[in-house]
file my_file_29.csv (CSV, C-alpha atoms)
chain,number,residue,atom,x,y,z
A,28,MET,CA,-22.6,22.7,-9.8
A,29,THR,CA,-21.4,21.1,-6.5
A,30,TRP,CA,-18.0,19.6,-6.2
A,31,THR,CA,-19.6,16.1,-5.9
A,32,SER,CA,-21.5,16.5,-9.2
A,33,ALA,CA,-18.3,17.9,-10.8
A,34,PHE,CA,-16.3,14.9,-9.6
A,35,GLY,CA,-19.0,12.5,-10.8
A,36,ARG,CA,-19.0,14.2,-14.3
A,37,ALA,CA,-15.2,14.0,-14.4
A,38,CYS,CA,-15.2,10.3,-13.5
A,39,GLY,CA,-17.9,9.6,-16.1
A,40,TRP,CA,-15.8,11.5,-18.7
A,41,LEU,CA,-12.7,9.5,-17.8
A,42,LEU,CA,-14.6,6.2,-18.0
A,43,ASP,CA,-16.1,7.1,-21.4
A,44,ARG,CA,-12.5,7.8,-22.6
A,45,ILE,CA,-11.3,4.5,-21.4
A,46,VAL,CA,-14.2,2.7,-23.0
A,47,HIS,CA,-13.7,4.6,-26.2
A,48,GLY,CA,-10.0,3.6,-26.3
A,49,LEU,CA,-10.7,0.0,-25.6
A,50,ALA,CA,-13.4,-0.1,-28.2
A,51,LEU,CA,-10.9,1.1,-30.8
A,52,THR,CA,-8.8,-1.9,-30.1
A,53,ARG,CA,-11.8,-4.2,-30.9
A,54,ILE,CA,-10.8,-6.2,-27.9
A,55,SER,CA,-13.3,-8.9,-26.8
A,56,PRO,CA,-15.4,-7.9,-23.8
A,57,ASN,CA,-14.9,-11.4,-22.6
A,58,VAL,CA,-11.2,-10.9,-22.5
A,59,LEU,CA,-11.7,-7.7,-20.3
A,60,THR,CA,-13.9,-9.8,-18.0
A,61,PHE,CA,-11.2,-12.4,-17.7
A,62,ILE,CA,-8.5,-9.8,-17.1
A,63,GLY,CA,-10.6,-8.6,-14.1
A,64,LEU,CA,-10.5,-12.1,-12.7
A,65,VAL,CA,-6.7,-12.3,-13.1
A,66,ILE,CA,-6.3,-9.0,-11.2
A,67,ASN,CA,-8.6,-10.2,-8.4
A,68,ILE,CA,-6.4,-13.3,-8.2
A,69,ALA,CA,-3.4,-11.0,-7.7
A,70,ALA,CA,-5.3,-9.3,-4.9
A,71,ALA,CA,-6.1,-12.6,-3.3
A,72,PHE,CA,-2.4,-13.5,-3.5
A,73,LEU,CA,-1.6,-10.3,-1.6
A,74,PHE,CA,-4.2,-11.2,1.1
A,75,GLY,CA,-2.9,-14.7,1.4
A,76,HIS,CA,0.8,-13.6,1.7
A,77,ALA,CA,0.0,-11.0,4.5
A,78,ASN,CA,1.1,-11.8,8.0
A,79,ALA,CA,1.1,-10.2,11.4
A,80,SER,CA,4.0,-7.9,10.6
A,81,ASN,CA,3.2,-6.8,7.0
A,82,GLY,CA,-0.6,-7.3,7.0
A,83,ASP,CA,-1.6,-3.7,6.9
A,84,ARG,CA,0.6,-2.9,4.0
A,85,MET,CA,-0.3,-6.0,2.0
A,86,PHE,CA,-4.0,-5.4,2.7
A,87,PHE,CA,-3.6,-1.8,1.4
A,88,TYR,CA,-2.0,-3.1,-1.8
A,89,ALA,CA,-4.7,-5.7,-2.2
A,90,GLY,CA,-7.4,-3.0,-1.8
A,91,MET,CA,-5.8,-0.9,-4.6
A,92,VAL,CA,-5.5,-3.9,-6.8
A,93,ILE,CA,-9.2,-4.7,-6.3
A,94,VAL,CA,-10.0,-1.1,-7.4
A,95,GLY,CA,-8.1,-1.8,-10.6
A,96,ALA,CA,-10.1,-5.0,-11.1
A,97,GLY,CA,-13.3,-3.0,-10.6
A,98,LEU,CA,-12.4,-0.8,-13.5
A,99,PHE,CA,-12.5,-3.9,-15.9
A,100,ASP,CA,-15.8,-4.9,-14.2
A,101,MET,CA,-17.2,-1.5,-15.1
A,102,VAL,CA,-16.0,-1.3,-18.7
A,103,ASP,CA,-16.5,-4.8,-20.2
A,104,GLY,CA,-20.3,-4.3,-20.6
A,105,ARG,CA,-19.9,-0.8,-21.9
A,106,VAL,CA,-17.3,-1.9,-24.4
A,107,ALA,CA,-19.6,-4.7,-25.6
A,108,ARG,CA,-22.4,-2.3,-26.2
A,109,SER,CA,-20.2,0.3,-27.9
A,110,THR,CA,-18.7,-2.2,-30.3
A,111,ASN,CA,-21.9,-4.2,-30.9
A,112,GLN,CA,-20.5,-7.3,-29.3
A,113,VAL,CA,-23.3,-7.9,-26.8
A,114,THR,CA,-24.1,-11.7,-26.7
A,115,VAL,CA,-26.1,-14.0,-24.5
A,116,PHE,CA,-22.9,-16.0,-23.8
A,117,GLY,CA,-21.1,-12.8,-22.8
A,118,SER,CA,-23.7,-12.1,-20.1
A,119,PHE,CA,-23.4,-15.7,-18.9
A,120,PHE,CA,-19.6,-15.6,-18.9
A,121,ASP,CA,-19.6,-12.3,-17.0
A,122,SER,CA,-21.8,-13.7,-14.3
A,123,VAL,CA,-19.7,-16.9,-13.9
A,124,ILE,CA,-16.4,-14.9,-13.8
A,125,ASP,CA,-17.9,-12.5,-11.2
A,126,ARG,CA,-18.6,-15.5,-8.9
A,127,TYR,CA,-15.0,-16.7,-9.3
A,128,SER,CA,-13.8,-13.2,-8.5
A,129,ASP,CA,-15.9,-13.1,-5.3
A,130,VAL,CA,-14.7,-16.5,-4.2
A,131,VAL,CA,-11.0,-15.9,-4.9
A,132,LEU,CA,-10.9,-12.7,-2.8
A,133,PHE,CA,-12.5,-14.5,0.2
A,134,PHE,CA,-10.2,-17.4,-0.3
A,135,GLY,CA,-7.2,-15.1,0.0
A,136,LEU,CA,-8.7,-13.8,3.3
A,137,LEU,CA,-9.2,-17.4,4.5
A,138,VAL,CA,-5.5,-18.2,3.9
A,139,TYR,CA,-4.5,-15.0,5.8
A,140,TYR,CA,-6.6,-15.7,8.8
A,141,GLY,CA,-5.5,-19.3,8.8
A,142,ARG,CA,-1.9,-18.3,8.7
A,143,ILE,CA,-2.2,-16.0,11.8
A,144,ASN,CA,-4.3,-18.6,13.6
A,145,ARG,CA,-7.5,-16.6,13.8
A,146,PHE,CA,-10.0,-19.5,13.6
A,147,ARG,CA,-13.0,-17.4,14.4
A,148,TYR,CA,-12.3,-15.2,11.3
A,149,VAL,CA,-11.6,-18.3,9.2
A,150,VAL,CA,-15.2,-19.5,10.0
A,151,LEU,CA,-16.5,-16.0,9.4
A,152,VAL,CA,-14.9,-15.5,6.0
A,153,ALA,CA,-16.1,-19.0,5.0
A,154,PHE,CA,-19.6,-18.0,6.0
A,155,VAL,CA,-19.4,-14.7,4.1
A,156,MET,CA,-18.1,-16.6,1.0
A,157,VAL,CA,-21.1,-18.9,1.1
A,158,THR,CA,-23.7,-16.2,1.7
A,159,SER,CA,-22.2,-14.0,-1.1
A,160,LEU,CA,-22.7,-16.9,-3.5
A,161,MET,CA,-26.2,-17.5,-2.2
A,162,VAL,CA,-27.1,-13.8,-2.8
A,163,SER,CA,-26.3,-14.3,-6.5
A,164,TYR,CA,-27.8,-17.9,-6.7
A,165,THR,CA,-31.1,-16.9,-5.1
A,166,ARG,CA,-31.6,-14.1,-7.6
A,167,ALA,CA,-30.7,-16.3,-10.6
A,168,ARG,CA,-32.9,-19.1,-9.5
A,169,ALA,CA,-35.8,-16.8,-8.6
A,170,GLU,CA,-35.6,-15.0,-11.9
A,171,ALA,CA,-35.8,-18.4,-13.7
A,172,LEU,CA,-39.2,-18.7,-12.0
A,173,ILE,CA,-40.7,-15.2,-11.7
A,174,GLY,CA,-38.8,-13.0,-14.1
A,175,SER,CA,-37.2,-10.5,-11.7
A,176,CYS,CA,-35.8,-10.6,-8.2
A,177,LYS,CA,-33.8,-7.5,-7.5
A,178,VAL,CA,-34.8,-7.1,-3.9
A,179,GLY,CA,-32.2,-6.9,-1.2
A,180,PHE,CA,-29.3,-4.6,-0.6
A,181,MET,CA,-26.0,-6.6,-0.6
A,182,GLU,CA,-25.4,-7.0,-4.3
A,183,ARG,CA,-21.9,-7.6,-5.7
A,184,PRO,CA,-20.9,-3.8,-6.0
A,185,GLU,CA,-21.8,-3.2,-2.4
A,186,ARG,CA,-19.8,-6.3,-1.3
A,187,ILE,CA,-16.8,-5.2,-3.3
A,188,VAL,CA,-16.9,-1.7,-2.0
A,189,LEU,CA,-16.9,-3.0,1.6
A,190,VAL,CA,-14.0,-5.4,0.9
A,191,ILE,CA,-12.0,-2.5,-0.6
A,192,LEU,CA,-12.7,-0.3,2.5
A,193,GLY,CA,-11.7,-3.1,4.8
A,194,ALA,CA,-8.5,-3.7,2.9
A,195,LEU,CA,-7.5,0.0,2.6
A,196,PHE,CA,-8.2,0.8,6.2
A,197,ASN,CA,-7.2,-2.5,7.8
A,198,HIS,CA,-4.6,-0.5,9.8
A,199,TRP,CA,-7.5,0.6,12.0
A,200,GLY,CA,-9.0,-2.9,12.2
A,201,VAL,CA,-11.7,-2.2,9.7
A,202,MET,CA,-11.7,-5.6,7.9
A,203,GLY,CA,-13.1,-7.4,10.9
A,204,PRO,CA,-16.3,-5.3,11.2
A,205,VAL,CA,-16.6,-5.3,7.4
A,206,LEU,CA,-16.8,-9.1,7.4
A,207,TRP,CA,-19.5,-9.0,10.2
A,208,VAL,CA,-21.5,-6.5,8.2
A,209,LEU,CA,-21.2,-8.6,5.0
A,210,ALA,CA,-22.2,-11.7,6.9
A,211,VAL,CA,-25.3,-10.1,8.4
A,212,LEU,CA,-26.5,-8.1,5.4
A,213,ALA,CA,-25.8,-10.9,2.9
A,214,THR,CA,-27.9,-13.2,5.0
A,215,ILE,CA,-30.7,-10.7,5.3
A,216,THR,CA,-30.6,-10.3,1.5
A,217,VAL,CA,-30.8,-14.1,0.9
A,218,ILE,CA,-33.8,-14.4,3.4
A,219,HIS,CA,-35.5,-11.4,1.7
A,220,ARG,CA,-35.2,-13.0,-1.7
A,221,ILE,CA,-36.5,-16.3,-0.4
A,222,THR,CA,-39.5,-14.7,1.1
A,223,TYR,CA,-40.1,-12.5,-2.0
A,224,THR,CA,-39.9,-15.5,-4.3
A,225,TYR,CA,-42.3,-17.5,-2.0
A,226,ALA,CA,-44.8,-14.7,-2.1
A,227,ASN,CA,-44.6,-14.5,-5.9
A,228,THR,CA,-44.8,-18.2,-6.6
A,229,LYS,CA,-47.7,-19.2,-4.3
A,230,HIS,CA,-50.2,-18.8,-7.1
A,231,LEU,CA,-48.1,-20.7,-9.7
A,232,ALA,CA,-48.7,-24.3,-10.6
A,233,PRO,CA,-45.9,-26.8,-9.6
A,234,LEU,CA,-43.3,-27.5,-12.2
A,235,ALA,CA,-43.7,-30.7,-14.1

call {"tool": "encode", "arguments": {"input": "my_file_29.csv", "output": "structure tokens"}}
result
Amino acid sequence: MTWTSAFGRACGWLLDRIVHGLALTRISPNVLTFIGLVINIAAAFLFGHANASNGDRMFFYAGMVIVGAGLFDMVDGRVARSTNQVTVFGSFFDSVIDRYSDVVLFFGLLVYYGRINRFRYVVLVAFVMVTSLMVSYTRARAEALIGSCKVGFMERPERIVLVILGALFNHWGVMGPVLWVLAVLATITVIHRITYTYANTKHLAPLA
């Protein structure tokens, strides 16, 4: 067994223990989903209150907080399945709260770059915010028409991982390149989903 597989097994075991503990409390998975949003709001608050002198420290704290929010994002569905609380509304609620979590993090970055007068990055973050929402919207709209549209790379987990890396390593100026990567890859993902949906709807009759 390699050290990477051992680490993966250990993380899986720890996650199972957390899910088991939460399942025993009979807590609603929707509550866990909402807690994740609240934690992301705290991360956005840290982004927004960063400045030229404390920015690296505040970004690092924000990155760690987002990691904590990610834990709730991982366990809410598992808790729902283990406690037989899976519902259609729960899936809908999780998706809506995920969009709010995405927007609030980028809003915090908007405030930060606005406060330090980096207009170019204000525009860049706004663009990333829009394209991130469009990645999710194009999939949802396409799947209402063709059943499945999972093409493209820049899904929410990849976006969150990149934001975490940018926040944790902002001391080395990583957040700037991360935002450019997000802007480019999210746009490519949206275009990919548009072309994929076009190719799969050409033979369909127009909607009434």

call {"tool": "closest_residue", "arguments": {"input": "my_file_29.csv", "among": "A:Tyr164, A:Tyr127, A:Phe74, A:Tyr140", "to": "Gly203 (chain A)", "atoms": "all atoms listed in the file"}}
result
A:Tyr140

call {"tool": "closest_residue", "arguments": {"input": "my_file_29.csv", "among": "A:Gly90, A:Thr158, A:Ala96, A:Ile221", "to": "Val130 (chain A)", "atoms": "all atoms listed in the file"}}
result
A:Thr158

call {"tool": "atom_distance", "arguments": {"input": "my_file_29.csv", "atom1": "CA of Ile187 (chain A)", "atom2": "CA of Leu132 (chain A)"}}
result
9.6 Å

call {"tool": "closest_residue", "arguments": {"input": "my_file_29.csv", "among": "A:Pro204, A:Gly193, A:Gly179, A:Pro233", "to": "His219 (chain A)", "atoms": "all atoms listed in the file"}}
result
A:Gly179

call {"tool": "atom_distance", "arguments": {"input": "my_file_29.csv", "atom1": "CA of Met156 (chain A)", "atom2": "CA of Val211 (chain A)"}}
result
12.2 Å

call {"tool": "closest_residue", "arguments": {"input": "my_file_29.csv", "among": "A:Phe134, A:Leu160, A:Gly48, A:Gly63", "to": "Leu98 (chain A)", "atoms": "only C-alpha atoms"}}
result
A:Gly63

call {"tool": "residues_around", "arguments": {"input": "my_file_29.csv", "residues": "Leu195 (chain A)", "least_positions_apart": "6", "cutoff": "8 Å", "atoms": "only C-alpha atoms", "output": "list in words"}}
result
Phe86, Phe87, Tyr88, Ala89, Gly90 and Met91 of chain A

call {"tool": "closest_residue", "arguments": {"input": "my_file_29.csv", "among": "A:Phe116, A:Tyr225, A:Gly104, A:Val155", "to": "Leu137 (chain A)", "atoms": "all atoms listed in the file"}}
result
A:Val155

call {"tool": "closest_residue", "arguments": {"input": "my_file_29.csv", "among": "A:Val150, A:Ile68, A:Ala77, A:Leu206", "to": "Asp125 (chain A)", "atoms": "only C-alpha atoms"}}
result
A:Ile68

call {"tool": "atom_distance", "arguments": {"input": "my_file_29.csv", "atom1": "CA of Ile173 (chain A)", "atom2": "CA of Leu209 (chain A)"}}
result
26.5 Å

call {"tool": "residues_around", "arguments": {"input": "my_file_29.csv", "residues": "Gly117 (chain A)", "least_positions_apart": "5", "cutoff": "10 Å", "atoms": "all atoms listed in the file", "output": "ChimeraX atom specification"}}
result
/A:55-57,60,103-104,107,112,122-123

call {"tool": "decode", "arguments": {"input": "my_file_29.csv", "residues": "region 98-128 of chain A", "atoms": "N, CA and C atoms", "output": "PDB file, in the first residue's frame"}}
result
ATOM      1  N   LEU A  98     -16.192  20.579   4.323  1.00  0.00           N
ATOM      2  CA  LEU A  98     -16.531  19.372   5.082  1.00  0.00           C
ATOM      3  C   LEU A  98     -18.044  19.185   5.138  1.00  0.00           C
ATOM      4  N   PHE A  99     -18.772  20.265   5.400  1.00  0.00           N
ATOM      5  CA  PHE A  99     -20.230  20.173   5.445  1.00  0.00           C
ATOM      6  C   PHE A  99     -20.793  19.861   4.060  1.00  0.00           C
ATOM      7  N   ASP A 100     -20.126  20.382   3.025  1.00  0.00           N
ATOM      8  CA  ASP A 100     -20.566  20.110   1.661  1.00  0.00           C
ATOM      9  C   ASP A 100     -20.405  18.628   1.323  1.00  0.00           C
ATOM     10  N   MET A 101     -19.411  17.981   1.932  1.00  0.00           N
ATOM     11  CA  MET A 101     -19.172  16.561   1.665  1.00  0.00           C
ATOM     12  C   MET A 101     -20.097  15.648   2.452  1.00  0.00           C
ATOM     13  N   VAL A 102     -20.511  16.080   3.646  1.00  0.00           N
ATOM     14  CA  VAL A 102     -21.233  15.152   4.520  1.00  0.00           C
ATOM     15  C   VAL A 102     -22.748  15.266   4.429  1.00  0.00           C
ATOM     16  N   ASP A 103     -23.278  16.386   3.919  1.00  0.00           N
ATOM     17  CA  ASP A 103     -24.738  16.535   3.974  1.00  0.00           C
ATOM     18  C   ASP A 103     -25.458  15.444   3.182  1.00  0.00           C
ATOM     19  N   GLY A 104     -24.970  15.152   1.969  1.00  0.00           N
ATOM     20  CA  GLY A 104     -25.596  14.094   1.180  1.00  0.00           C
ATOM     21  C   GLY A 104     -25.406  12.720   1.795  1.00  0.00           C
ATOM     22  N   ARG A 105     -24.217  12.479   2.356  1.00  0.00           N
ATOM     23  CA  ARG A 105     -23.956  11.179   2.991  1.00  0.00           C
ATOM     24  C   ARG A 105     -24.841  10.981   4.219  1.00  0.00           C
ATOM     25  N   VAL A 106     -25.020  12.041   4.988  1.00  0.00           N
ATOM     26  CA  VAL A 106     -25.900  11.944   6.154  1.00  0.00           C
ATOM     27  C   VAL A 106     -27.335  11.685   5.709  1.00  0.00           C
ATOM     28  N   ALA A 107     -27.762  12.344   4.634  1.00  0.00           N
ATOM     29  CA  ALA A 107     -29.127  12.136   4.122  1.00  0.00           C
ATOM     30  C   ALA A 107     -29.341  10.677   3.743  1.00  0.00           C
ATOM     31  N   ARG A 108     -28.346  10.092   3.072  1.00  0.00           N
ATOM     32  CA  ARG A 108     -28.492   8.687   2.658  1.00  0.00           C
ATOM     33  C   ARG A 108     -28.437   7.737   3.842  1.00  0.00           C
ATOM     34  N   SER A 109     -27.559   8.013   4.810  1.00  0.00           N
ATOM     35  CA  SER A 109     -27.405   7.090   5.937  1.00  0.00           C
ATOM     36  C   SER A 109     -28.577   7.151   6.897  1.00  0.00           C
ATOM     37  N   THR A 110     -29.319   8.251   6.897  1.00  0.00           N
ATOM     38  CA  THR A 110     -30.471   8.392   7.789  1.00  0.00           C
ATOM     39  C   THR A 110     -31.797   8.315   7.033  1.00  0.00           C
ATOM     40  N   ASN A 111     -31.726   7.926   5.761  1.00  0.00           N
ATOM     41  CA  ASN A 111     -32.923   7.804   4.926  1.00  0.00           C
ATOM     42  C   ASN A 111     -33.722   9.109   4.890  1.00  0.00           C
ATOM     43  N   GLN A 112     -32.997  10.222   4.732  1.00  0.00           N
ATOM     44  CA  GLN A 112     -33.642  11.527   4.644  1.00  0.00           C
ATOM     45  C   GLN A 112     -33.453  12.156   3.260  1.00  0.00           C
ATOM     46  N   VAL A 113     -33.189  11.320   2.264  1.00  0.00           N
ATOM     47  CA  VAL A 113     -33.013  11.822   0.902  1.00  0.00           C
ATOM     48  C   VAL A 113     -34.365  12.275   0.354  1.00  0.00           C
ATOM     49  N   THR A 114     -34.442  13.521  -0.098  1.00  0.00           N
ATOM     50  CA  THR A 114     -35.679  14.056  -0.662  1.00  0.00           C
ATOM     51  C   THR A 114     -35.354  14.849  -1.931  1.00  0.00           C
ATOM     52  N   VAL A 115     -36.355  15.027  -2.755  1.00  0.00           N
ATOM     53  CA  VAL A 115     -36.200  15.847  -3.961  1.00  0.00           C
ATOM     54  C   VAL A 115     -35.900  17.291  -3.565  1.00  0.00           C
ATOM     55  N   PHE A 116     -36.602  17.774  -2.544  1.00  0.00           N
ATOM     56  CA  PHE A 116     -36.358  19.145  -2.101  1.00  0.00           C
ATOM     57  C   PHE A 116     -34.932  19.311  -1.583  1.00  0.00           C
ATOM     58  N   GLY A 117     -34.421  18.289  -0.891  1.00  0.00           N
ATOM     59  CA  GLY A 117     -33.067  18.366  -0.364  1.00  0.00           C
ATOM     60  C   GLY A 117     -32.044  18.572  -1.471  1.00  0.00           C
ATOM     61  N   SER A 118     -32.237  17.867  -2.580  1.00  0.00           N
ATOM     62  CA  SER A 118     -31.350  18.035  -3.726  1.00  0.00           C
ATOM     63  C   SER A 118     -31.448  19.450  -4.296  1.00  0.00           C
ATOM     64  N   PHE A 119     -32.670  19.944  -4.405  1.00  0.00           N
ATOM     65  CA  PHE A 119     -32.891  21.306  -4.879  1.00  0.00           C
ATOM     66  C   PHE A 119     -32.253  22.326  -3.941  1.00  0.00           C
ATOM     67  N   PHE A 120     -32.489  22.164  -2.651  1.00  0.00           N
ATOM     68  CA  PHE A 120     -31.968  23.093  -1.644  1.00  0.00           C
ATOM     69  C   PHE A 120     -30.446  23.108  -1.657  1.00  0.00           C
ATOM     70  N   ASP A 121     -29.833  21.935  -1.771  1.00  0.00           N
ATOM     71  CA  ASP A 121     -28.377  21.834  -1.812  1.00  0.00           C
ATOM     72  C   ASP A 121     -27.818  22.602  -3.007  1.00  0.00           C
ATOM     73  N   SER A 122     -28.466  22.456  -4.153  1.00  0.00           N
ATOM     74  CA  SER A 122     -28.008  23.144  -5.357  1.00  0.00           C
ATOM     75  C   SER A 122     -28.125  24.653  -5.213  1.00  0.00           C
ATOM     76  N   VAL A 123     -29.243  25.127  -4.654  1.00  0.00           N
ATOM     77  CA  VAL A 123     -29.441  26.570  -4.480  1.00  0.00           C
ATOM     78  C   VAL A 123     -28.416  27.140  -3.513  1.00  0.00           C
ATOM     79  N   ILE A 124     -28.197  26.459  -2.385  1.00  0.00           N
ATOM     80  CA  ILE A 124     -27.252  26.948  -1.387  1.00  0.00           C
ATOM     81  C   ILE A 124     -25.830  26.935  -1.935  1.00  0.00           C
ATOM     82  N   ASP A 125     -25.501  25.955  -2.763  1.00  0.00           N
ATOM     83  CA  ASP A 125     -24.176  25.927  -3.400  1.00  0.00           C
ATOM     84  C   ASP A 125     -23.943  27.176  -4.240  1.00  0.00           C
ATOM     85  N   ARG A 126     -24.994  27.617  -4.953  1.00  0.00           N
ATOM     86  CA  ARG A 126     -24.838  28.822  -5.775  1.00  0.00           C
ATOM     87  C   ARG A 126     -24.602  30.042  -4.887  1.00  0.00           C
ATOM     88  N   TYR A 127     -25.331  30.133  -3.781  1.00  0.00           N
ATOM     89  CA  TYR A 127     -25.113  31.235  -2.849  1.00  0.00           C
ATOM     90  C   TYR A 127     -23.689  31.184  -2.274  1.00  0.00           C
ATOM     91  N   SER A 128     -23.215  29.995  -1.961  1.00  0.00           N
ATOM     92  CA  SER A 128     -21.870  29.854  -1.411  1.00  0.00           C
ATOM     93  C   SER A 128     -20.825  30.316  -2.417  1.00  0.00           C
TER      94      SER A 128
END
